[in-house]
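Undergrad: Below: one structure in structure tokens.
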Amino acid sequence: MSKGCLILGAGSLGRFWAASLAPGVANFVPRPESMLSGQCEYLLQTFQGSSVTVSVPWQPLPAPYTPSALLVTTKAMHALPALTRIAASLPDATPIVLFQNGMGSQQAVASMFPERPILAATTTEAANRPQPDVVVHAGRGVTWIGGLNATGKQALTPVVELLSRSHLQIRAATDITSGLWQKLVINAGINPFTALLDCPNGQLRDQTFFLRHIDAVCEELAQLMNHEGIPADAKNLRVDIETVAQATASNTSSMRADVQMGRPTEIDFINGYVARQSAALNLPAPVNRMLTERVHSITNTQQRG
Ligand code: KPL
């Protein structure tokens with residue numbers, strides 16, 4: 001077993017995990033074409049409010065040691081392209097742990113690399129990056145990890161042990177796909193509405209547009225989940241969504257933040273995934289499709305403007 005854990009994606013989530021792992025364990029993988037070397041330095045504002053300076057080495061691949069795992073903390077749309085570019089320089093046995101929001105990108109990685117150990121994680125830890133060199137641990141939560149394929153399941157215990165060396169709560173999931181669906185429900189019910197209405201999570205319950213459409217979003221989700229063998233009831237899904245929106249009332253959702261910063265959003269892996277999968281199964285999902293189109297249209301307008 002080696003000491004080095006690689007992290008692909010040095011955004012808020014990647015920096016948060018690098019800072020949380022035991023000192024000296026994490027290394028960021030630079031993009032193959034980038035000339036990055038030396039240390040990536042930034043400030044972590046802990047949940048208790050103190051500031052800690054963090055310094056994480058950039059480790060071009062192949063690494064001079066056997067990596068204990070590769071954590072992929074990119075946005076959903078970058079996960080497969082980024083992994084494809086580094087895969088030849090990564091040992092076949094290195095467990096790959098996918099931290100993406102939504103659904104679709106994890107399955108694409110698992111089918112592109114069927115022989116590699118692939119795991120997925122879903123977390124309720126909240127981290128944001130108000131400035132390029134500052135990461136804020138905004139909310140404490142639990143991180144569930146589970147194998148997506150047979151070799152991923154075999155790698156679960158060492159990966160959970162590795163990540164448990166952080167101060168965070170890590171749990172092994174026997175069925176991570178259900179966990180991914182639960183997170184998808186929350187993101188599908190909060191993220192597009194907060195992005196379109198430009199409001200924090202806690203204000204959704206006062207918004208006519210949210211109140212008009214949330215039941216249909218939940219019905220379309222429940223219909224698809226039941227079809228995929230994940231038992232779901234639309235009314236309970238709405239309760240789950242509203243509970244998280246209130247628990248994170250002052251949060252800016254990741255999608256609202258992306259729109260505010262003019263970055264591409266993960267809508268195609270959230271409501272867009274629900275709309276596409278439903279269409280493929282001949283199930284109606286007009287509201288998830290409408291939300292996907294509206295989020296696309298505000299980000300397209302930004303790009304033109
Ligand atoms: O995960 C989130 C996100 O912003 O992507 C929620 C749970 C909606 C919290 O903001």
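Ordering of the structure tokens sets the chain letters (A, B, ...), residue numbers begin anew at 1 in every chain, and ligands are numbered from 1 in the order given.
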Show me which residues line ligand 1, defined as having an atom within 7 Å of a ligand atom where only C-alpha atoms and all ligand atoms count, and present them as a PyMOL selection string.
TA: chain A and resi 124+186-187+190-191+201+244-245+248+251-255
Undergrad: Could you save the residues just selected, with C-alpha atoms, as a PDB file, in the first residue's frame?
TA:
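Contents of the output file result.pdb:
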```pdb
ATOM      1  CA  THR A 124     -23.690  15.737   1.746  1.00  0.00           C
ATOM      2  CA  ILE A 186     -32.440  16.414  -4.313  1.00  0.00           C
ATOM      3  CA  ASN A 187     -30.424  18.056  -7.082  1.00  0.00           C
ATOM      4  CA  ILE A 190     -33.444  22.220  -5.985  1.00  0.00           C
ATOM      5  CA  ASN A 191     -30.720  23.075  -8.489  1.00  0.00           C
ATOM      6  CA  ASN A 201     -32.227  27.092  -1.471  1.00  0.00           C
ATOM      7  CA  VAL A 244     -32.823  19.521   2.255  1.00  0.00           C
ATOM      8  CA  ALA A 245     -33.779  22.959   0.864  1.00  0.00           C
ATOM      9  CA  THR A 248     -29.373  24.276   3.443  1.00  0.00           C
ATOM     10  CA  ASN A 251     -26.823  27.920   0.433  1.00  0.00           C
ATOM     11  CA  THR A 252     -26.335  28.943  -3.141  1.00  0.00           C
ATOM     12  CA  SER A 253     -26.810  25.668  -5.008  1.00  0.00           C
ATOM     13  CA  SER A 254     -23.953  24.522  -7.224  1.00  0.00           C
ATOM     14  CA  MET A 255     -26.070  25.206 -10.335  1.00  0.00           C
TER      15      MET A 255
END
```
Undergrad: May I have the residues within 12 Å of A:Ala26 as an NGL selection string, using only C-alpha atoms and disregarding those fewer than 5 positions away in the same chain?
TA: :A and (2-8 or 10 or 14-21 or 39-40 or 54-59 or 67-71 or 162-163 or 165-166)
Undergrad: Can you list, as a PyMOL selection string, all residues belonging to stretch 71-296 of chain A that DSSP tags as alpha helix (DSSP H)?
TA: chain A and resi 76-86+105-112+150-154+156-164+176-197+208-227+234-247+254-260+271-280+286-296
Undergrad: One decimal, Å: what's the distance from atom CA of A:Asp92 over to atom CA of A:Pro62, could you say?
TA: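 According to the coordinates, atom CA of A:Asp92 and atom CA of A:Pro62 are separated by 11.9 Å.
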Undergrad: Smallest atom-to-atom distance to A:Thr292: which of A:Ser278, A:Asn271, A:Ser178, A:Ser12, using only C-alpha atoms?
TA: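 Closest to A:Thr292 of all the choices is A:Asn271.
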Undergrad: Which one is closest to A:Ile267: A:Thr301, A:Gln106, A:Gln207, A:Asn101? Count only C-alpha atoms.
TA: A:Asn101
